[in-house]
Amino acid sequence: MGSSPQPPVKPAPFEYHSPRTLDEALTLLAEFGSDAKPLAGGQSLIPAMNFRLATPAILVDLNSIAALAFVTPDAGVLRLGGMTRHRTLERDRNVARFAPLVSAALPFVAHPAIRTRGTIGGSLAHADPAAELPAVMLALNATFTLQSRAGTRHVRATDFFTGLFMTTVEPGVLLTEIVIPQRGARSRFAFDEISRRHGDYALAGAAAAVTLDADGTCAEARVALLSVGDRPILSEQVSRRLVGRVPSPEAVRDAADDAADRDIDPPGDIHASSRYRRQLARVLIRRVLQRAIDNDAVPRESRTGGDA
Ligand code: FAD
């Protein structure tokens with residue numbers, strides 16, 4: 001009987017650096033250029049290296065740079081350090097108060113062990129189209145701070161994701177901070193997704209941020225979708241359909257139909273056909289919009305189930 005080659009389970013040899021400061025990390029990354037990769041929680045990078053899908057010659061480990069992990073409310077915004085762990089964000093009171101959509105989405109990210117190591121900067125830089133946080137950042141209209149030896153740039157989440165696992169982060173650059181605008185008391189949020197098992201990557205997901213005026217008119221309606229394209233997608237139709245109107249259940253249904261039919265062209269794969277993903281998106285958009293409008297951010301099943 002012939003034997004088939006086994007996939008490798010150990011990474012190719014690499015050089016390891018553990019800088020203590022952001023300055024040191026940026027110097028190392030500038031020096032090594034595209035030979036180097038930053039290591040954050042390692043929850044995506046290390047498995048990719050073990051399967052030799054990624055073979056960086058040099059790892060610049062960010063885990064000793066304490067200054068990159070923080071949650072700081074500031075004038076009108078919430079600032080999150082790139083190395084802040086998912087689990088920290090999930091439990092942080094300021095995140096719950098100033099960016100509740102982040103708190104609502106995090107229990108859907110993998111499992112507690114992975115959230116204990118994984119970081120927000122790593123998740124956004126990795127740019128998996130099925131990841132929750134990139135879509136959440138689109139819905140919240142966040143801005144990212146990118147730093148390198150050459151200087152600092154601020155990039156809107158809407159401009160950051162450029163393709164499948166692709167972003168505007170180039171070699172030598174670190175995503176150091178995520179800046180989320182705080183919204184007023186009239187803003188509401190909701191997140192939901194459908195996956196085969198809790199903690200699996202979603203077949204489709206949706207994040208909503210809705211602001212209603214005192215008379216119930218919709219001032220802002222941002223719905224971002226995950227797992228229905230090569231990157232997270234901010235719906236144009238939802239905003240076009242709802243802003244300036246009172247979002248009745250009929251208006252919500254029409255907006256969800258338009259968004260599912262016109263904003264996305266979902267891929268089909270072994271997990272779900274394109275048609276099925278579109279239908280999931282339709283249902284999820286309707287659900288998150290209605291929940292946000294009803295001020296009911298947490299899906300019912302997460303209240304009693306889950307692994308939190
Ligand atoms: P790493 O793995 O360390 O890095 C990922 C990439 O980002 C690398 O290319 C690295 O060089 C780069 N990078 C890291 N930090 C920075 C930075 N600050 N600036 C620039 N580049 C940087 N994620 C989900 O969203 N949803 C899920 O359902 C989900 N399920 C998972 C299930 C399993 C079994 C596993 C192993 C992972 C899962 N993940 C899921 C991924 C997890 O959330 C990771 O934590 C996340 O994708 C990457 O974060 P990290 O900090 O581990 O980054």
# chains A, B, ... in the order shown; residues from 1 in each chain; ligands from 1
>>> select_by_dssp(residues="range 76-185 of chain A", states="alpha helix (DSSP H)", output="JSON, numbers by chain")
{"A": [86, 87, 88, 89, 90, 91, 93, 94, 95, 96, 97, 98, 100, 101, 102, 103, 104, 105, 112, 113, 114, 115, 116, 117, 120, 121, 122, 123, 124, 125, 126, 132, 133, 134, 135, 136, 137, 138, 139, 157, 158, 159, 160]}
>>> closest_atom_pairs(of="range 67-177 of chain A", to="range 279-299 of chain A", cutoff="9 Å", atoms="only C-alpha atoms", output="tab-separated table")
residue	atom	partner	partner_atom	distance
A:Pro100	CA	A:Ala297	CA	8.2
A:Leu101	CA	A:Ala297	CA	7.6
A:Ala104	CA	A:Val298	CA	6.1
A:Ala105	CA	A:Val298	CA	8.8
>>> closest_atom_pairs(of="chain A", to="ligand 1", cutoff="6 Å", atoms="only C-alpha atoms and all ligand atoms", output="Markdown table")
| residue | atom | partner | partner_atom_place_in_ligand_line | distance |
| --- | --- | --- | --- | --- |
| A:Lys37 | CA | ligand 1 | 11 (O) | 4.4 |
| A:Pro38 | CA | ligand 1 | 11 (O) | 4.0 |
| A:Leu39 | CA | ligand 1 | 3 (O) | 4.2 |
| A:Ala40 | CA | ligand 1 | 3 (O) | 3.4 |
| A:Gly41 | CA | ligand 1 | 51 (O) | 3.4 |
| A:Gly42 | CA | ligand 1 | 3 (O) | 3.3 |
| A:Gln43 | CA | ligand 1 | 52 (O) | 3.5 |
| A:Ser44 | CA | ligand 1 | 2 (O) | 3.5 |
| A:Leu45 | CA | ligand 1 | 2 (O) | 3.7 |
| A:Gly82 | CA | ligand 1 | 18 (N) | 4.9 |
| A:Val109 | CA | ligand 1 | 26 (N) | 4.0 |
| A:Ala110 | CA | ligand 1 | 30 (N) | 3.6 |
| A:Gly118 | CA | ligand 1 | 45 (O) | 3.2 |
| A:Thr119 | CA | ligand 1 | 51 (O) | 3.6 |
| A:Gly121 | CA | ligand 1 | 18 (N) | 4.3 |
| A:Gly122 | CA | ligand 1 | 14 (C) | 3.5 |
| A:Ser123 | CA | ligand 1 | 46 (C) | 3.9 |
| A:Ala125 | CA | ligand 1 | 7 (O) | 4.5 |
| A:His126 | CA | ligand 1 | 6 (C) | 4.2 |
| A:Ala131 | CA | ligand 1 | 25 (O) | 3.4 |
| A:Glu132 | CA | ligand 1 | 25 (O) | 4.8 |
| A:Leu174 | CA | ligand 1 | 19 (N) | 3.6 |
| A:Leu175 | CA | ligand 1 | 19 (N) | 3.8 |
| A:Thr176 | CA | ligand 1 | 18 (N) | 5.5 |
| A:Gly199 | CA | ligand 1 | 28 (O) | 5.2 |
| A:Asp200 | CA | ligand 1 | 28 (O) | 4.9 |
| A:Tyr201 | CA | ligand 1 | 28 (O) | 3.9 |
>>> closest_residue(among="A:Arg241, A:His111, A:Arg97, A:Arg253", to="Phe189 in chain A", atoms="only C-alpha atoms")
A:Arg97
>>> residues_around(residues="Leu234 in chain A", least_positions_apart="3", cutoff="7 Å", atoms="only C-alpha atoms", output="list in words")
Leu138, Ala139, Val223, Ala224 and Leu225 of chain A
>>> select_by_dssp(residues="range 28-254 of chain A", states="strand (DSSP E or B)", output="ChimeraX atom specification")
/A:36-39,58-61,71-74,77-81,85,119,143-148,151-156,161-163,166-167,174-181,187-194,204-212,218-226,233-234
>>> closest_residue(among="A:Arg222, A:Arg196, A:His17, A:Arg262", to="Ile58 in chain A", atoms="only C-alpha atoms")
A:His17
>>> atom_distance(atom1="CA of His86 in chain A", atom2="CA of Leu133 in chain A")
9.7 Å
>>> residues_around(residues="Phe32 in chain A", least_positions_apart="6", cutoff="12 Å", atoms="only C-alpha atoms", output="ChimeraX atom specification")
/A:15-17,25-26,38,56-60,171-173
>>> residues_around(residues="Gly216 in chain A", least_positions_apart="4", cutoff="12 Å", atoms="only C-alpha atoms", output="list in words")
Arg186, Ser187, Val210, Thr211, Leu212, Glu220, Leu242, Val243, Gly244, Arg245, Val246, Pro247, Ser248, Ile293 and Asp294 of chain A
>>> write_last_selection(atoms="all heavy atoms", output="short mmCIF file (atom, residue, chain, number, x, y, z; two decimals), in the first residue's frame")
data_model
loop_
_atom_site.label_atom_id
_atom_site.label_comp_id
_atom_site.auth_asym_id
_atom_site.auth_seq_id
_atom_site.Cartn_x
_atom_site.Cartn_y
_atom_site.Cartn_z
N ARG A 186 -29.32 57.39 22.11
CA ARG A 186 -30.33 56.93 21.14
C ARG A 186 -29.80 55.87 20.18
O ARG A 186 -30.50 55.46 19.26
CB ARG A 186 -30.86 58.11 20.34
CG ARG A 186 -31.53 59.13 21.19
CD ARG A 186 -32.43 60.04 20.41
NE ARG A 186 -33.19 60.87 21.32
CZ ARG A 186 -34.25 60.46 21.98
NH1 ARG A 186 -34.69 59.24 21.82
NH2 ARG A 186 -34.87 61.27 22.82
N SER A 187 -28.54 55.47 20.38
CA SER A 187 -27.97 54.45 19.49
C SER A 187 -28.18 53.06 20.07
O SER A 187 -28.09 52.86 21.28
CB SER A 187 -26.49 54.71 19.29
OG SER A 187 -26.32 55.88 18.55
N VAL A 210 -27.68 51.30 15.02
CA VAL A 210 -28.82 52.10 14.57
C VAL A 210 -29.01 53.26 15.54
O VAL A 210 -28.94 53.07 16.75
CB VAL A 210 -30.12 51.24 14.55
CG1 VAL A 210 -31.33 52.09 14.21
CG2 VAL A 210 -29.97 50.08 13.56
N THR A 211 -29.23 54.45 15.01
CA THR A 211 -29.54 55.61 15.86
C THR A 211 -30.91 56.14 15.46
O THR A 211 -31.17 56.38 14.27
CB THR A 211 -28.48 56.71 15.70
OG1 THR A 211 -27.19 56.14 15.97
CG2 THR A 211 -28.73 57.86 16.68
N LEU A 212 -31.77 56.29 16.48
CA LEU A 212 -33.12 56.80 16.23
C LEU A 212 -33.26 58.20 16.84
O LEU A 212 -32.80 58.44 17.96
CB LEU A 212 -34.17 55.88 16.84
CG LEU A 212 -34.19 54.44 16.34
CD1 LEU A 212 -35.27 53.64 17.08
CD2 LEU A 212 -34.43 54.38 14.83
N GLU A 220 -29.35 56.98 11.65
CA GLU A 220 -28.20 56.22 11.17
C GLU A 220 -28.55 54.74 11.20
O GLU A 220 -29.15 54.27 12.17
CB GLU A 220 -27.00 56.48 12.08
CG GLU A 220 -25.74 55.78 11.64
CD GLU A 220 -24.64 55.82 12.71
OE1 GLU A 220 -24.96 55.62 13.90
OE2 GLU A 220 -23.48 56.03 12.34
N LEU A 242 -33.41 53.10 5.12
CA LEU A 242 -33.97 53.40 6.45
C LEU A 242 -33.73 54.82 6.96
O LEU A 242 -34.55 55.35 7.69
CB LEU A 242 -33.43 52.40 7.48
CG LEU A 242 -33.88 50.95 7.29
CD1 LEU A 242 -33.36 50.09 8.43
CD2 LEU A 242 -35.41 50.84 7.21
N VAL A 243 -32.59 55.41 6.59
CA VAL A 243 -32.28 56.73 7.16
C VAL A 243 -33.33 57.75 6.70
O VAL A 243 -33.70 57.81 5.52
CB VAL A 243 -30.85 57.17 6.78
CG1 VAL A 243 -30.61 58.64 7.17
CG2 VAL A 243 -29.83 56.27 7.48
N GLY A 244 -33.84 58.52 7.67
CA GLY A 244 -34.86 59.53 7.36
C GLY A 244 -36.28 58.99 7.45
O GLY A 244 -37.25 59.72 7.24
N ARG A 245 -36.40 57.68 7.77
CA ARG A 245 -37.75 57.08 7.87
C ARG A 245 -37.95 56.45 9.25
O ARG A 245 -36.97 56.14 9.93
CB ARG A 245 -37.91 55.96 6.84
CG ARG A 245 -37.83 56.52 5.46
CD ARG A 245 -37.93 55.47 4.42
NE ARG A 245 -37.53 56.12 3.16
CZ ARG A 245 -37.43 55.55 2.02
NH1 ARG A 245 -37.70 54.27 1.91
NH2 ARG A 245 -37.07 56.20 0.94
N VAL A 246 -39.20 56.22 9.58
CA VAL A 246 -39.47 55.45 10.80
C VAL A 246 -39.35 53.97 10.43
O VAL A 246 -40.02 53.50 9.50
CB VAL A 246 -40.89 55.77 11.34
CG1 VAL A 246 -41.22 54.86 12.52
CG2 VAL A 246 -40.97 57.23 11.77
N PRO A 247 -38.43 53.24 11.11
CA PRO A 247 -38.16 51.86 10.68
C PRO A 247 -39.23 50.87 11.16
O PRO A 247 -39.04 50.15 12.14
CB PRO A 247 -36.80 51.56 11.30
CG PRO A 247 -36.72 52.45 12.49
CD PRO A 247 -37.55 53.67 12.21
N SER A 248 -40.35 50.85 10.46
CA SER A 248 -41.41 49.88 10.77
C SER A 248 -40.91 48.47 10.42
O SER A 248 -39.94 48.33 9.65
CB SER A 248 -42.63 50.19 9.91
OG SER A 248 -42.28 49.99 8.55
N ILE A 293 -33.37 48.04 16.87
CA ILE A 293 -34.48 48.99 17.02
C ILE A 293 -35.23 48.72 18.33
O ILE A 293 -35.61 49.64 19.05
CB ILE A 293 -35.41 48.90 15.79
CG1 ILE A 293 -34.68 49.46 14.58
CG2 ILE A 293 -36.74 49.62 16.03
CD1 ILE A 293 -35.25 49.04 13.24
N ASP A 294 -35.39 47.44 18.66
CA ASP A 294 -36.08 47.08 19.91
C ASP A 294 -35.15 47.17 21.12
O ASP A 294 -35.56 46.81 22.23
CB ASP A 294 -36.63 45.65 19.82
CG ASP A 294 -37.68 45.52 18.73
OD1 ASP A 294 -38.18 46.56 18.27
OD2 ASP A 294 -37.96 44.37 18.32
#
>>> residues_around(residues="Gly81 in chain A", least_positions_apart="6", cutoff="6 Å", atoms="only C-alpha atoms", output="list in words")
Leu68, Ala69, Phe70, Thr176 and Glu177 of chain A
>>> atom_distance(atom1="CA of Arg188 in chain A", atom2="CA of Ala207 in chain A")
11.0 Å
>>> residues_around(residues="Val71 in chain A", least_positions_apart="4", cutoff="9 Å", atoms="only C-alpha atoms", output="ChimeraX atom specification")
/A:78-81,84,88-89,92,94-95
>>> closest_residue(among="A:Ile114, A:Glu170, A:Cys218, A:Asn63", to="Gly33 in chain A", atoms="only C-alpha atoms")
A:Glu170
>>> atom_distance(atom1="CA of Ala202 in chain A", atom2="CA of Leu106 in chain A")
12.7 Å
